[in-house]
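J.: Quick one, input.txt (compact mmCIF, C-alpha atoms and all ligand atoms):
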```
# COMPACT_ATOMS: atom_id res chain seq x y z
CA MET Z 1 132.36 114.65 58.23
CA THR Z 2 129.54 113.46 60.44
CA ALA Z 3 130.10 109.92 61.70
CA ARG Z 4 127.13 107.58 61.69
CA LEU Z 5 126.93 105.85 65.08
CA GLY Z 6 125.13 102.68 66.03
CA VAL Z 7 124.69 102.26 69.79
CA LEU Z 8 124.24 98.82 71.38
CA LEU Z 9 122.83 98.65 74.91
CA SER Z 10 121.07 96.33 77.33
CA GLY Z 11 120.10 98.61 80.22
CA ARG Z 12 119.32 102.12 81.37
CA GLY Z 13 121.36 103.80 78.63
CA SER Z 14 122.88 106.70 80.54
CA ASN Z 15 126.07 106.50 78.47
CA PHE Z 16 124.04 106.50 75.27
CA LEU Z 17 122.22 109.62 76.51
CA ALA Z 18 125.53 111.26 77.39
CA LEU Z 19 126.71 110.71 73.81
CA GLN Z 20 123.43 112.06 72.44
CA ARG Z 21 123.73 115.17 74.63
CA ALA Z 22 127.32 115.73 73.47
CA ILE Z 23 126.10 115.53 69.87
CA GLU Z 24 123.31 118.02 70.60
CA ARG Z 25 125.83 120.41 72.21
CA GLY Z 26 127.89 120.22 69.02
CA GLU Z 27 130.81 118.52 70.76
CA LEU Z 28 130.76 115.35 68.68
CA PRO Z 29 130.70 115.40 64.87
CA ALA Z 30 128.34 112.45 64.83
CA GLU Z 31 124.78 111.32 64.49
CA ILE Z 32 123.19 108.33 66.20
CA VAL Z 33 121.49 106.50 63.34
CA LEU Z 34 120.47 103.36 65.25
CA VAL Z 35 120.06 102.25 68.86
CA ALA Z 36 119.89 98.48 69.20
CA ALA Z 37 119.28 96.31 72.23
CA ASP Z 38 119.24 92.59 72.94
CA ARG Z 39 116.35 92.96 75.38
CA LYS Z 40 113.62 95.40 76.33
CA ALA Z 41 115.69 98.11 77.94
CA PRO Z 42 114.97 101.55 79.39
CA GLY Z 43 117.73 102.88 77.12
CA LEU Z 44 115.86 101.66 74.05
CA GLU Z 45 112.69 103.39 75.25
CA ALA Z 46 114.64 106.59 75.86
CA ALA Z 47 116.00 106.42 72.31
CA ALA Z 48 112.52 105.92 70.85
CA ALA Z 49 111.23 108.84 72.93
CA LEU Z 50 113.94 111.01 71.35
CA GLY Z 51 112.76 109.92 67.92
CA LEU Z 52 115.88 107.90 67.15
CA PRO Z 53 115.62 104.70 65.10
CA THR Z 54 115.61 101.66 67.39
CA VAL Z 55 115.71 97.91 66.95
CA LEU Z 56 115.30 95.04 69.37
CA CYS Z 57 117.36 91.98 68.42
CA SER Z 58 116.46 89.53 71.12
CA ARG Z 59 118.55 86.49 71.85
CA ARG Z 60 115.56 84.60 73.30
CA GLY Z 61 115.17 81.15 71.78
CA ARG Z 62 117.76 81.87 69.10
CA THR Z 63 121.40 81.12 68.49
CA ARG Z 64 124.00 83.83 68.90
CA ALA Z 65 124.70 83.58 65.16
CA ALA Z 66 121.04 84.27 64.29
CA GLN Z 67 120.81 87.19 66.71
CA GLU Z 68 124.06 88.73 65.46
CA ALA Z 69 123.00 88.29 61.82
CA ASP Z 70 119.88 90.37 62.56
CA LEU Z 71 121.91 92.96 64.39
CA LEU Z 72 124.47 93.20 61.59
CA GLY Z 73 121.68 93.53 59.05
CA ALA Z 74 120.17 96.44 60.98
CA LEU Z 75 123.56 98.15 61.40
CA GLU Z 76 124.35 97.74 57.72
CA ASN Z 77 120.94 99.05 56.63
CA ALA Z 78 121.58 102.10 58.80
CA HIS Z 79 125.03 102.57 57.16
CA VAL Z 80 126.73 102.73 60.51
CA ASP Z 81 130.43 103.80 60.52
CA TRP Z 82 131.08 103.26 64.23
CA ILE Z 83 129.51 101.04 66.87
CA CYS Z 84 129.40 102.29 70.47
CA LEU Z 85 128.80 99.68 73.14
CA ALA Z 86 127.01 101.35 76.04
CA GLY Z 87 126.23 98.72 78.63
CA TYR Z 88 125.66 95.96 76.05
CA LEU Z 89 125.74 92.77 78.06
CA ARG Z 90 126.56 90.30 75.28
CA ILE Z 91 129.98 89.33 74.06
CA LEU Z 92 130.30 89.96 70.33
CA SER Z 93 131.61 87.04 68.29
CA PRO Z 94 134.98 87.43 66.55
CA SER Z 95 133.27 87.39 63.16
CA PHE Z 96 131.03 90.29 64.22
CA VAL Z 97 134.03 92.28 65.50
CA ASP Z 98 135.87 91.61 62.23
CA ARG Z 99 133.07 93.29 60.28
CA TYR Z 100 133.97 96.61 61.98
CA PRO Z 101 137.72 96.42 62.61
CA ASN Z 102 138.82 99.14 65.08
CA ARG Z 103 135.39 100.71 64.69
CA ILE Z 104 133.72 99.28 67.79
CA VAL Z 105 134.19 101.24 71.01
CA ASN Z 106 133.34 100.15 74.55
CA ILE Z 107 133.20 101.81 77.93
CA HIS Z 108 134.12 99.85 81.03
CA PRO Z 109 133.82 101.01 84.66
CA SER Z 110 137.36 100.29 85.83
CA LEU Z 111 140.92 101.18 84.92
CA LEU Z 112 141.63 98.25 82.59
CA PRO Z 113 143.37 95.84 82.66
CA ALA Z 114 142.20 95.80 86.29
CA PHE Z 115 138.76 94.31 86.92
CA PRO Z 116 137.45 93.22 83.52
CA GLY Z 117 134.05 91.54 83.30
CA LEU Z 118 130.86 92.10 85.24
CA ASP Z 119 130.40 94.58 88.09
CA ALA Z 120 133.87 96.06 87.91
CA GLN Z 121 132.94 98.70 90.49
CA ALA Z 122 132.16 96.03 93.10
CA GLN Z 123 135.31 94.12 92.17
CA ALA Z 124 137.37 97.26 92.81
CA TRP Z 125 135.50 98.10 96.02
CA ASP Z 126 135.88 94.57 97.39
CA TYR Z 127 139.56 94.45 96.43
CA GLY Z 128 140.19 97.61 98.40
CA VAL Z 129 142.02 99.59 95.73
CA ALA Z 130 142.65 103.28 96.41
CA VAL Z 131 142.08 104.31 92.79
CA THR Z 132 139.74 102.99 90.13
CA GLY Z 133 137.93 104.71 87.27
CA CYS Z 134 136.75 104.01 83.75
CA THR Z 135 138.20 103.11 80.38
CA VAL Z 136 137.14 103.64 76.79
CA HIS Z 137 138.74 101.12 74.46
CA LEU Z 138 138.45 99.65 70.99
CA VAL Z 139 136.92 96.21 70.91
CA ASP Z 140 138.96 93.22 69.85
CA HIS Z 141 138.35 89.48 70.17
CA GLN Z 142 138.90 89.38 73.94
CA LEU Z 143 136.64 90.69 76.69
CA ASP Z 144 137.37 94.28 77.85
CA HIS Z 145 140.75 94.08 76.18
CA GLY Z 146 141.35 96.16 73.03
CA PRO Z 147 143.59 99.23 72.67
CA ILE Z 148 142.84 101.97 75.19
CA VAL Z 149 141.48 105.28 73.90
CA GLY Z 150 141.20 107.06 77.24
CA GLN Z 151 140.91 106.59 80.99
CA HIS Z 152 139.69 108.69 83.91
CA ALA Z 153 140.75 107.87 87.45
CA VAL Z 154 138.46 108.07 90.48
CA ALA Z 155 139.81 108.02 94.04
CA VAL Z 156 137.89 105.38 96.00
CA GLY Z 157 138.42 107.35 99.20
CA GLU Z 158 136.03 110.02 97.90
CA ALA Z 159 133.18 107.50 98.04
CA SER Z 160 131.46 106.53 101.27
CA SER Z 161 129.80 103.41 99.84
CA LEU Z 162 129.83 101.17 96.80
CA GLY Z 163 126.75 102.99 95.54
CA ALA Z 164 128.52 106.34 95.84
CA LEU Z 165 131.55 104.90 94.02
CA ARG Z 166 129.35 103.66 91.15
CA ALA Z 167 127.81 107.13 90.86
CA ARG Z 168 131.22 108.87 90.82
CA ILE Z 169 132.54 106.50 88.17
CA LEU Z 170 129.39 106.95 86.07
CA GLU Z 171 129.84 110.73 86.15
CA GLU Z 172 133.35 110.26 84.76
CA GLU Z 173 132.11 107.70 82.21
CA HIS Z 174 129.73 110.21 80.70
CA GLN Z 175 132.52 112.72 80.14
CA LEU Z 176 135.11 110.17 79.08
CA TYR Z 177 132.95 108.44 76.48
CA ALA Z 178 132.16 111.64 74.62
CA SER Z 179 135.69 113.06 74.82
CA SER Z 180 137.33 109.77 73.77
CA LEU Z 181 134.97 109.27 70.88
CA ARG Z 182 135.56 112.85 69.80
CA ARG Z 183 139.30 112.20 69.67
CA LEU Z 184 138.77 109.09 67.56
CA LEU Z 185 136.58 111.04 65.15
CA VAL Z 186 138.58 114.23 64.78
CA GLU Z 187 142.20 113.32 65.40
CA ASP Z 188 144.65 111.20 63.47
CA TRP Z 189 145.59 108.03 65.26
CA ARG Z 190 147.20 104.67 64.67
CA ILE Z 191 147.54 101.39 66.45
CA ASP Z 192 151.00 100.16 67.40
CA GLY Z 193 150.73 96.79 69.13
CA ARG Z 194 148.35 97.39 72.01
CA ARG Z 195 148.88 101.15 71.95
CA LEU Z 196 146.51 103.60 70.32
CA ILE Z 197 148.60 106.63 69.47
CA PHE Z 198 147.05 109.99 68.67
CA SER Z 199 149.01 112.33 66.46
CA LYS Z 200 148.10 115.84 65.48
CA GLU Z 201 144.49 116.86 64.85
CA SER Z 202 143.38 116.44 61.24
CA GLY Z 203 143.80 119.71 59.44
CA ASP Z 204 146.55 120.99 61.75
CA SER Z 205 149.57 122.07 59.80
CA ALA Z 206 152.05 122.18 62.70
C1 LIG R 301 128.33 101.39 82.54
O1 LIG R 301 128.86 101.32 83.82
C2 LIG R 301 129.35 100.97 81.52
O2 LIG R 301 130.66 101.30 81.87
C3 LIG R 301 129.19 99.47 81.50
O3 LIG R 301 127.80 99.26 81.63
C4 LIG R 301 127.22 100.36 82.33
C5 LIG R 301 126.12 100.88 81.48
O4 LIG R 301 125.41 101.92 82.11
N1 LIG R 301 129.75 98.88 80.30
P1 LIG R 301 124.37 102.77 81.28
O5 LIG R 301 123.33 101.79 80.75
O6 LIG R 301 125.10 103.46 80.19
O7 LIG R 301 123.77 103.72 82.27
```
Please express what this file holds, its structure, as structure tokens.
T.:
Amino acid sequence: MTARLGVLLSGRGSNFLALQRAIERGELPAEIVLVAADRKAPGLEAAAALGLPTVLCSRRGRTRAAQEADLLGALENAHVDWICLAGYLRILSPSFVDRYPNRIVNIHPSLLPAFPGLDAQAQAWDYGVAVTGCTVHLVDHQLDHGPIVGQHAVAVGEASSLGALRARILEEEHQLYASSLRRLLVEDWRIDGRRLIFSKESGDSA
């Protein structure tokens, strides 16, 4: 079955585009049915240029509740099954998250639980870690916290500068987001405490 994805973003949207390319290559049994942003964002323009449905739900001069109500309305009208956060810079309220339990996915540019929050790449660089990377996780009520779907490691030593490290991590992000989402869509899985456990692929008889 083709999953209906809603993508939320605030910025350039390279992760959104990586998901769209994976769909076009036939690697993800999904369709992006809405791209939403909380501000004018290059990613939203890129989505419109591809002919995808877009919506701008600005927070300007409005309460979080009002902005989220608009966003939820748009996602519901689009009959979204899954929400992919792709550089969305607002924290979703618990009541929003509860509308899509274990159906909101985020990508974060560090190996969580290390370096949650903003500019995780700079946090890792400044801390002097030897290894960092990126994480795809389900979204729960806490920031950058829900069960982990997948992680890719990046050796910091490969990068000559913070900019180079960001670029290396981003390369991994693009692969990890598509492959992790694919697993969520095609494999059987369950949550046990904090752990997301994949079992056999749906349809496998072994
Ligand atoms: C990525 O680094 C992602 O991990 C983080 O925000 C950034 C978004 O980049 N959550 P892009 O807009 O997808 O290029």
J.: Taking only residues of chain Z that have an atom at most 10 Å from an atom of ligand LIG 301 (chain R), what is each one's shortest atom pair and its distance in Å to one decimal, using only C-alpha atoms and all ligand atoms, in chain and number order, as JSON lines?
T.:
```
{"residue": "Z:Leu8", "atom": "CA", "partner": "R:LIG301", "partner_atom": "O5", "distance": 9.9}
{"residue": "Z:Leu9", "atom": "CA", "partner": "R:LIG301", "partner_atom": "O5", "distance": 6.6}
{"residue": "Z:Ser10", "atom": "CA", "partner": "R:LIG301", "partner_atom": "O5", "distance": 6.8}
{"residue": "Z:Gly11", "atom": "CA", "partner": "R:LIG301", "partner_atom": "O5", "distance": 4.6}
{"residue": "Z:Arg12", "atom": "CA", "partner": "R:LIG301", "partner_atom": "O5", "distance": 4.1}
{"residue": "Z:Gly13", "atom": "CA", "partner": "R:LIG301", "partner_atom": "O5", "distance": 3.5}
{"residue": "Z:Ser14", "atom": "CA", "partner": "R:LIG301", "partner_atom": "O7", "distance": 3.6}
{"residue": "Z:Asn15", "atom": "CA", "partner": "R:LIG301", "partner_atom": "O6", "distance": 3.6}
{"residue": "Z:Phe16", "atom": "CA", "partner": "R:LIG301", "partner_atom": "O6", "distance": 5.9}
{"residue": "Z:Leu17", "atom": "CA", "partner": "R:LIG301", "partner_atom": "O6", "distance": 7.7}
{"residue": "Z:Ala18", "atom": "CA", "partner": "R:LIG301", "partner_atom": "O6", "distance": 8.3}
{"residue": "Z:Leu19", "atom": "CA", "partner": "R:LIG301", "partner_atom": "O6", "distance": 9.8}
{"residue": "Z:Ala41", "atom": "CA", "partner": "R:LIG301", "partner_atom": "O5", "distance": 8.9}
{"residue": "Z:Pro42", "atom": "CA", "partner": "R:LIG301", "partner_atom": "O5", "distance": 8.5}
{"residue": "Z:Gly43", "atom": "CA", "partner": "R:LIG301", "partner_atom": "O5", "distance": 6.8}
{"residue": "Z:Leu85", "atom": "CA", "partner": "R:LIG301", "partner_atom": "N1", "distance": 7.3}
{"residue": "Z:Ala86", "atom": "CA", "partner": "R:LIG301", "partner_atom": "O6", "distance": 5.0}
{"residue": "Z:Gly87", "atom": "CA", "partner": "R:LIG301", "partner_atom": "O3", "distance": 3.4}
{"residue": "Z:Tyr88", "atom": "CA", "partner": "R:LIG301", "partner_atom": "N1", "distance": 6.6}
{"residue": "Z:Leu89", "atom": "CA", "partner": "R:LIG301", "partner_atom": "N1", "distance": 7.6}
{"residue": "Z:Asn106", "atom": "CA", "partner": "R:LIG301", "partner_atom": "N1", "distance": 6.9}
{"residue": "Z:Ile107", "atom": "CA", "partner": "R:LIG301", "partner_atom": "O2", "distance": 4.7}
{"residue": "Z:His108", "atom": "CA", "partner": "R:LIG301", "partner_atom": "O2", "distance": 3.8}
{"residue": "Z:Pro109", "atom": "CA", "partner": "R:LIG301", "partner_atom": "O2", "distance": 4.2}
{"residue": "Z:Ser110", "atom": "CA", "partner": "R:LIG301", "partner_atom": "O2", "distance": 7.8}
{"residue": "Z:Gly117", "atom": "CA", "partner": "R:LIG301", "partner_atom": "N1", "distance": 9.0}
{"residue": "Z:Leu118", "atom": "CA", "partner": "R:LIG301", "partner_atom": "C3", "distance": 8.4}
{"residue": "Z:Asp119", "atom": "CA", "partner": "R:LIG301", "partner_atom": "O1", "distance": 8.1}
{"residue": "Z:Ala120", "atom": "CA", "partner": "R:LIG301", "partner_atom": "O1", "distance": 8.3}
{"residue": "Z:Gln121", "atom": "CA", "partner": "R:LIG301", "partner_atom": "O1", "distance": 8.2}
{"residue": "Z:Gly133", "atom": "CA", "partner": "R:LIG301", "partner_atom": "O2", "distance": 9.7}
{"residue": "Z:Cys134", "atom": "CA", "partner": "R:LIG301", "partner_atom": "O2", "distance": 6.9}
{"residue": "Z:Thr135", "atom": "CA", "partner": "R:LIG301", "partner_atom": "O2", "distance": 7.9}
{"residue": "Z:Val136", "atom": "CA", "partner": "R:LIG301", "partner_atom": "O2", "distance": 8.6}
{"residue": "Z:Asp144", "atom": "CA", "partner": "R:LIG301", "partner_atom": "N1", "distance": 9.2}
{"residue": "Z:Arg166", "atom": "CA", "partner": "R:LIG301", "partner_atom": "O1", "distance": 7.7}
{"residue": "Z:Ala167", "atom": "CA", "partner": "R:LIG301", "partner_atom": "O1", "distance": 9.2}
{"residue": "Z:Ile169", "atom": "CA", "partner": "R:LIG301", "partner_atom": "O1", "distance": 7.7}
{"residue": "Z:Leu170", "atom": "CA", "partner": "R:LIG301", "partner_atom": "O1", "distance": 6.1}
{"residue": "Z:Glu171", "atom": "CA", "partner": "R:LIG301", "partner_atom": "O1", "distance": 9.7}
{"residue": "Z:Glu172", "atom": "CA", "partner": "R:LIG301", "partner_atom": "O2", "distance": 9.8}
{"residue": "Z:Glu173", "atom": "CA", "partner": "R:LIG301", "partner_atom": "O2", "distance": 6.6}
{"residue": "Z:His174", "atom": "CA", "partner": "R:LIG301", "partner_atom": "O6", "distance": 8.2}
{"residue": "Z:Tyr177", "atom": "CA", "partner": "R:LIG301", "partner_atom": "O2", "distance": 9.2}
```
J.: Compare Z:Arg64, Z:Arg25, Z:Arg4, Z:His137 by their minimum atom-to-atom distance to Asn77 (chain Z), counting all atoms listed in the file, and give me the closest one.
T.: Z:Arg4
J.: Given all atoms listed in the file as the basis, pick out the residue of Z:Ala164, Z:Ala124, Z:Ala30, Z:Ala47 nearest to Ile83 (chain Z).
T.: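 Answer, going by the shortest atom-to-atom distance: Z:Ala30.
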J.: Ranking Z:Leu44, Z:Ala3, Z:Val154, Z:Val97 by minimum distance to Val131 (chain Z) and counting only C-alpha atoms, which one comes first?
T.: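 Closest to Val131 (chain Z), using only C-alpha atoms: Z:Val154.
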J.: Calculate how many Å separate CA of Ser93 (chain Z) from CA of Asp140 (chain Z), rounding to one decimal.
T.: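 Rounded to one decimal, the two atoms are 9.7 Å apart.
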J.: Which neighbours of Asp70 (chain Z) fall inside 7 Å, counting all atoms listed in the file, when residues of the same chain fewer than 4 positions from it are skipped, and could you give them as a list of chain:residue names?
T.: Z:Cys57, Z:Ala66, Z:Ala74
J.: N, CA, C and O atoms are what I want for region 67-89 of chain Z; can you complete it accordingly and write them as a PDB file, in the coordinates of the input?
T.:
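Ended up saving to out.pdb:
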```
ATOM      1  N   GLN Z  67     121.030  85.865  66.118  1.00  0.00           N
ATOM      2  CA  GLN Z  67     120.810  87.190  66.710  1.00  0.00           C
ATOM      3  C   GLN Z  67     121.786  88.209  66.129  1.00  0.00           C
ATOM      4  O   GLN Z  67     121.418  89.324  65.762  1.00  0.00           O
ATOM      5  N   GLU Z  68     123.053  87.790  66.001  1.00  0.00           N
ATOM      6  CA  GLU Z  68     124.060  88.730  65.460  1.00  0.00           C
ATOM      7  C   GLU Z  68     123.802  89.033  63.982  1.00  0.00           C
ATOM      8  O   GLU Z  68     124.081  90.140  63.521  1.00  0.00           O
ATOM      9  N   ALA Z  69     123.291  88.047  63.257  1.00  0.00           N
ATOM     10  CA  ALA Z  69     123.000  88.290  61.820  1.00  0.00           C
ATOM     11  C   ALA Z  69     121.933  89.373  61.702  1.00  0.00           C
ATOM     12  O   ALA Z  69     122.047  90.278  60.853  1.00  0.00           O
ATOM     13  N   ASP Z  70     120.928  89.331  62.556  1.00  0.00           N
ATOM     14  CA  ASP Z  70     119.880  90.370  62.560  1.00  0.00           C
ATOM     15  C   ASP Z  70     120.457  91.736  62.896  1.00  0.00           C
ATOM     16  O   ASP Z  70     120.140  92.743  62.268  1.00  0.00           O
ATOM     17  N   LEU Z  71     121.296  91.723  63.926  1.00  0.00           N
ATOM     18  CA  LEU Z  71     121.910  92.960  64.390  1.00  0.00           C
ATOM     19  C   LEU Z  71     122.792  93.560  63.286  1.00  0.00           C
ATOM     20  O   LEU Z  71     122.709  94.759  62.988  1.00  0.00           O
ATOM     21  N   LEU Z  72     123.598  92.724  62.666  1.00  0.00           N
ATOM     22  CA  LEU Z  72     124.470  93.200  61.590  1.00  0.00           C
ATOM     23  C   LEU Z  72     123.647  93.748  60.428  1.00  0.00           C
ATOM     24  O   LEU Z  72     123.996  94.778  59.849  1.00  0.00           O
ATOM     25  N   GLY Z  73     122.558  93.063  60.131  1.00  0.00           N
ATOM     26  CA  GLY Z  73     121.680  93.530  59.050  1.00  0.00           C
ATOM     27  C   GLY Z  73     121.161  94.925  59.354  1.00  0.00           C
ATOM     28  O   GLY Z  73     121.184  95.808  58.493  1.00  0.00           O
ATOM     29  N   ALA Z  74     120.720  95.126  60.595  1.00  0.00           N
ATOM     30  CA  ALA Z  74     120.170  96.440  60.980  1.00  0.00           C
ATOM     31  C   ALA Z  74     121.256  97.506  60.937  1.00  0.00           C
ATOM     32  O   ALA Z  74     121.029  98.632  60.475  1.00  0.00           O
ATOM     33  N   LEU Z  75     122.458  97.169  61.395  1.00  0.00           N
ATOM     34  CA  LEU Z  75     123.560  98.150  61.400  1.00  0.00           C
ATOM     35  C   LEU Z  75     123.967  98.496  59.969  1.00  0.00           C
ATOM     36  O   LEU Z  75     124.262  99.652  59.654  1.00  0.00           O
ATOM     37  N   GLU Z  76     123.967  97.486  59.117  1.00  0.00           N
ATOM     38  CA  GLU Z  76     124.350  97.740  57.720  1.00  0.00           C
ATOM     39  C   GLU Z  76     123.288  98.559  57.001  1.00  0.00           C
ATOM     40  O   GLU Z  76     123.609  99.482  56.246  1.00  0.00           O
ATOM     41  N   ASN Z  77     122.020  98.245  57.255  1.00  0.00           N
ATOM     42  CA  ASN Z  77     120.940  99.050  56.630  1.00  0.00           C
ATOM     43  C   ASN Z  77     121.013 100.503  57.052  1.00  0.00           C
ATOM     44  O   ASN Z  77     120.627 101.395  56.297  1.00  0.00           O
ATOM     45  N   ALA Z  78     121.490 100.722  58.294  1.00  0.00           N
ATOM     46  CA  ALA Z  78     121.580 102.100  58.800  1.00  0.00           C
ATOM     47  C   ALA Z  78     122.890 102.767  58.376  1.00  0.00           C
ATOM     48  O   ALA Z  78     123.148 103.916  58.723  1.00  0.00           O
ATOM     49  N   HIS Z  79     123.730 102.039  57.629  1.00  0.00           N
ATOM     50  CA  HIS Z  79     125.030 102.570  57.160  1.00  0.00           C
ATOM     51  C   HIS Z  79     125.860 103.144  58.306  1.00  0.00           C
ATOM     52  O   HIS Z  79     126.338 104.283  58.241  1.00  0.00           O
ATOM     53  N   VAL Z  80     125.989 102.329  59.321  1.00  0.00           N
ATOM     54  CA  VAL Z  80     126.730 102.730  60.510  1.00  0.00           C
ATOM     55  C   VAL Z  80     128.238 102.705  60.221  1.00  0.00           C
ATOM     56  O   VAL Z  80     128.741 101.778  59.606  1.00  0.00           O
ATOM     57  N   ASP Z  81     128.952 103.768  60.650  1.00  0.00           N
ATOM     58  CA  ASP Z  81     130.430 103.800  60.520  1.00  0.00           C
ATOM     59  C   ASP Z  81     131.094 103.275  61.787  1.00  0.00           C
ATOM     60  O   ASP Z  81     132.167 102.690  61.733  1.00  0.00           O
ATOM     61  N   TRP Z  82     130.501 103.605  62.940  1.00  0.00           N
ATOM     62  CA  TRP Z  82     131.080 103.260  64.230  1.00  0.00           C
ATOM     63  C   TRP Z  82     130.009 102.612  65.094  1.00  0.00           C
ATOM     64  O   TRP Z  82     128.840 103.017  65.041  1.00  0.00           O
ATOM     65  N   ILE Z  83     130.426 101.663  65.912  1.00  0.00           N
ATOM     66  CA  ILE Z  83     129.510 101.040  66.870  1.00  0.00           C
ATOM     67  C   ILE Z  83     129.982 101.406  68.274  1.00  0.00           C
ATOM     68  O   ILE Z  83     131.157 101.205  68.613  1.00  0.00           O
ATOM     69  N   CYS Z  84     129.074 101.942  69.079  1.00  0.00           N
ATOM     70  CA  CYS Z  84     129.400 102.290  70.470  1.00  0.00           C
ATOM     71  C   CYS Z  84     128.657 101.327  71.384  1.00  0.00           C
ATOM     72  O   CYS Z  84     127.415 101.298  71.388  1.00  0.00           O
ATOM     73  N   LEU Z  85     129.404 100.547  72.134  1.00  0.00           N
ATOM     74  CA  LEU Z  85     128.800  99.680  73.140  1.00  0.00           C
ATOM     75  C   LEU Z  85     128.572 100.527  74.384  1.00  0.00           C
ATOM     76  O   LEU Z  85     129.488 101.195  74.864  1.00  0.00           O
ATOM     77  N   ALA Z  86     127.350 100.507  74.882  1.00  0.00           N
ATOM     78  CA  ALA Z  86     127.010 101.350  76.040  1.00  0.00           C
ATOM     79  C   ALA Z  86     126.198 100.500  77.011  1.00  0.00           C
ATOM     80  O   ALA Z  86     124.978 100.594  77.068  1.00  0.00           O
ATOM     81  N   GLY Z  87     126.928  99.619  77.714  1.00  0.00           N
ATOM     82  CA  GLY Z  87     126.230  98.720  78.630  1.00  0.00           C
ATOM     83  C   GLY Z  87     125.545  97.592  77.878  1.00  0.00           C
ATOM     84  O   GLY Z  87     124.457  97.162  78.258  1.00  0.00           O
ATOM     85  N   TYR Z  88     126.188  97.114  76.812  1.00  0.00           N
ATOM     86  CA  TYR Z  88     125.660  95.960  76.050  1.00  0.00           C
ATOM     87  C   TYR Z  88     126.208  94.703  76.700  1.00  0.00           C
ATOM     88  O   TYR Z  88     127.429  94.519  76.780  1.00  0.00           O
ATOM     89  N   LEU Z  89     125.307  93.858  77.185  1.00  0.00           N
ATOM     90  CA  LEU Z  89     125.740  92.770  78.060  1.00  0.00           C
ATOM     91  C   LEU Z  89     126.040  91.460  77.330  1.00  0.00           C
ATOM     92  O   LEU Z  89     126.169  90.417  77.971  1.00  0.00           O
TER      93      LEU Z  89
END
```
